[in-house]
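Engineer: I have a structure here, written as structure tokens, and I will follow up with some questions on it.
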Amino acid sequence: MKKVETFWNEFCEISGTNPEIYYQTWYFGNTSEMARNLAELVLRGDKRGTATLLESAKLSPESAPILDVHSVVTDFEGSPMCVIQATEIQNVPFNEVTSEFAFEEGEGDKTLEYWRRVHHDFFTKDAAENNLEFHEKSIVVCEKFKLLFPKNEF
């Protein structure tokens, strides 16, 4: 975690943010490749949102989305990649996620159809691993965020 702390302090020094404020540390997805690829989409400016099953978020409150809170996003191995800040959080049934949100997530071709296909697969697996059920009306935490640091990495 020393790398994360150093990265956080560098961000705070550059941005004038109080280094003592609460922040989260987490990574996207559930594999090394996914974590890195999705963080790189954030750095490119394509990814400005992420989604989590509400029931899964309840199992990991330390990384559950919190409005206005900063997050140090790492790769799967724990190396920091960026700092983001949650700007909007909505709990929405899976089958009511909008095309606007799918676009904000910035994955694949940015369409709702793509979003539903890959997230249905991901949430089904995630739910099964956590002894939960996933269905079309499962609540999804839709988080929008802004990239704070570093800027224009790619």
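How things are named: the first chain in the structure tokens is A, the next is B, and so on; residues count from 1 in each chain; ligands count from 1 in the order shown.
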Which residues, written as a PDB file with all heavy atoms, in the first residue's frame, have at least one atom at most 9 Å from A:Asn130, with only C-alpha atoms counted and residues fewer than 3 positions away on the same chain left out?

Structural biologist:
ATOM      1  N   SER A  56     -23.696  -6.984  -4.055  1.00  0.00           N
ATOM      2  CA  SER A  56     -22.250  -7.220  -3.985  1.00  0.00           C
ATOM      3  C   SER A  56     -21.560  -6.059  -3.274  1.00  0.00           C
ATOM      4  O   SER A  56     -20.623  -6.267  -2.491  1.00  0.00           O
ATOM      5  CB  SER A  56     -21.652  -7.402  -5.372  1.00  0.00           C
ATOM      6  OG  SER A  56     -22.095  -8.603  -5.950  1.00  0.00           O
ATOM      7  N   LEU A  59     -21.492  -6.306   0.365  1.00  0.00           N
ATOM      8  CA  LEU A  59     -20.525  -7.261   0.895  1.00  0.00           C
ATOM      9  C   LEU A  59     -19.128  -6.661   1.023  1.00  0.00           C
ATOM     10  O   LEU A  59     -18.282  -7.196   1.727  1.00  0.00           O
ATOM     11  CB  LEU A  59     -20.467  -8.510   0.014  1.00  0.00           C
ATOM     12  CG  LEU A  59     -21.753  -9.335  -0.071  1.00  0.00           C
ATOM     13  CD1 LEU A  59     -21.599 -10.456  -1.093  1.00  0.00           C
ATOM     14  CD2 LEU A  59     -22.138  -9.883   1.296  1.00  0.00           C
ATOM     15  N   LYS A 125     -21.881 -14.006 -12.962  1.00  0.00           N
ATOM     16  CA  LYS A 125     -20.738 -14.677 -12.348  1.00  0.00           C
ATOM     17  C   LYS A 125     -20.464 -14.114 -10.953  1.00  0.00           C
ATOM     18  O   LYS A 125     -20.248 -14.872 -10.002  1.00  0.00           O
ATOM     19  CB  LYS A 125     -19.501 -14.519 -13.237  1.00  0.00           C
ATOM     20  CG  LYS A 125     -18.285 -15.232 -12.704  1.00  0.00           C
ATOM     21  CD  LYS A 125     -17.102 -15.102 -13.635  1.00  0.00           C
ATOM     22  CE  LYS A 125     -15.904 -15.825 -13.040  1.00  0.00           C
ATOM     23  NZ  LYS A 125     -14.698 -15.633 -13.806  1.00  0.00           N
ATOM     24  N   ASP A 126     -20.488 -12.795 -10.821  1.00  0.00           N
ATOM     25  CA  ASP A 126     -20.242 -12.139  -9.536  1.00  0.00           C
ATOM     26  C   ASP A 126     -21.272 -12.594  -8.496  1.00  0.00           C
ATOM     27  O   ASP A 126     -20.915 -12.927  -7.361  1.00  0.00           O
ATOM     28  CB  ASP A 126     -20.298 -10.616  -9.718  1.00  0.00           C
ATOM     29  CG  ASP A 126     -20.065  -9.867  -8.427  1.00  0.00           C
ATOM     30  OD1 ASP A 126     -19.005 -10.056  -7.804  1.00  0.00           O
ATOM     31  OD2 ASP A 126     -20.965  -9.088  -8.043  1.00  0.00           O
ATOM     32  N   ALA A 127     -22.521 -12.620  -8.878  1.00  0.00           N
ATOM     33  CA  ALA A 127     -23.580 -13.037  -7.956  1.00  0.00           C
ATOM     34  C   ALA A 127     -23.367 -14.480  -7.516  1.00  0.00           C
ATOM     35  O   ALA A 127     -23.454 -14.789  -6.316  1.00  0.00           O
ATOM     36  CB  ALA A 127     -24.953 -12.860  -8.599  1.00  0.00           C
ATOM     37  N   GLU A 133     -28.314 -13.914  -6.060  1.00  0.00           N
ATOM     38  CA  GLU A 133     -29.025 -14.131  -7.311  1.00  0.00           C
ATOM     39  C   GLU A 133     -28.926 -12.866  -8.156  1.00  0.00           C
ATOM     40  O   GLU A 133     -28.953 -11.761  -7.634  1.00  0.00           O
ATOM     41  CB  GLU A 133     -30.502 -14.419  -7.044  1.00  0.00           C
ATOM     42  CG  GLU A 133     -30.775 -15.808  -6.541  1.00  0.00           C
ATOM     43  CD  GLU A 133     -32.263 -16.087  -6.482  1.00  0.00           C
ATOM     44  OE1 GLU A 133     -33.000 -15.636  -7.387  1.00  0.00           O
ATOM     45  OE2 GLU A 133     -32.668 -16.744  -5.521  1.00  0.00           O
TER      46      GLU A 133
END

Engineer: I'd like the contact shell of A:Ile21 - 10 Å cut-off, only C-alpha atoms, skipping same-chain residues fewer than 2 positions apart - returned as a PDB file with N, CA, C and O atoms, in the first residue's frame.

Structural biologist:
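Everything below was put into result29.pdb:
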ATOM      1  N   CYS A  12      -2.463  14.876  -3.855  1.00  0.00           N
ATOM      2  CA  CYS A  12      -2.861  15.910  -2.900  1.00  0.00           C
ATOM      3  C   CYS A  12      -1.977  17.144  -2.995  1.00  0.00           C
ATOM      4  O   CYS A  12      -2.462  18.276  -2.942  1.00  0.00           O
ATOM      5  N   THR A  17      -5.392  19.140  -2.332  1.00  0.00           N
ATOM      6  CA  THR A  17      -6.340  18.353  -1.547  1.00  0.00           C
ATOM      7  C   THR A  17      -5.708  17.977  -0.208  1.00  0.00           C
ATOM      8  O   THR A  17      -4.525  17.658  -0.146  1.00  0.00           O
ATOM      9  N   ASN A  18      -6.503  18.008   0.835  1.00  0.00           N
ATOM     10  CA  ASN A  18      -6.034  17.613   2.157  1.00  0.00           C
ATOM     11  C   ASN A  18      -5.741  16.110   2.152  1.00  0.00           C
ATOM     12  O   ASN A  18      -6.646  15.310   1.933  1.00  0.00           O
ATOM     13  N   PRO A  19      -4.503  15.696   2.384  1.00  0.00           N
ATOM     14  CA  PRO A  19      -4.172  14.271   2.334  1.00  0.00           C
ATOM     15  C   PRO A  19      -4.826  13.447   3.445  1.00  0.00           C
ATOM     16  O   PRO A  19      -4.829  12.226   3.386  1.00  0.00           O
ATOM     17  N   TYR A  23     -10.373   8.429   1.604  1.00  0.00           N
ATOM     18  CA  TYR A  23     -10.404   7.999   0.209  1.00  0.00           C
ATOM     19  C   TYR A  23     -10.432   6.476   0.175  1.00  0.00           C
ATOM     20  O   TYR A  23     -10.053   5.805   1.134  1.00  0.00           O
ATOM     21  N   VAL A  69     -16.692  11.109  -2.841  1.00  0.00           N
ATOM     22  CA  VAL A  69     -15.473  10.532  -2.273  1.00  0.00           C
ATOM     23  C   VAL A  69     -14.456  10.252  -3.374  1.00  0.00           C
ATOM     24  O   VAL A  69     -14.804   9.864  -4.483  1.00  0.00           O
ATOM     25  N   HIS A  70     -13.196  10.455  -3.047  1.00  0.00           N
ATOM     26  CA  HIS A  70     -12.088  10.163  -3.954  1.00  0.00           C
ATOM     27  C   HIS A  70     -11.756   8.678  -3.885  1.00  0.00           C
ATOM     28  O   HIS A  70     -11.874   8.057  -2.827  1.00  0.00           O
TER      29      HIS A  70
END

Engineer: Taking the backbone alone, and naming residues the way the document does, which bits of chain A are strand (DSSP E or B) by DSSP, as an MDAnalysis selection string?

Structural biologist: chainID A and resid 23:26 49:53 70:74 80:93 139:149

Engineer: Quick one, how far is atom CA of A:Val92 from atom CA of A:Asn37?

Structural biologist: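 Taking atom CA of A:Val92 and atom CA of A:Asn37, their separation equals 25.1 Å.
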
Engineer: How far is it from atom CA of A:Leu41 to atom CA of A:Glu105, in Å with one decimal?

Structural biologist: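 Computing it gives 9.1 Å between the two atoms.
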
Engineer: If we count only C-alpha atoms, what is near A:Asp109 at a cut-off of 12 Å, once residues fewer than 6 positions away on the same chain are taken out, given as a VMD selection string?

Structural biologist: chain A and resid 46 to 47 99 102 to 103 115 to 118
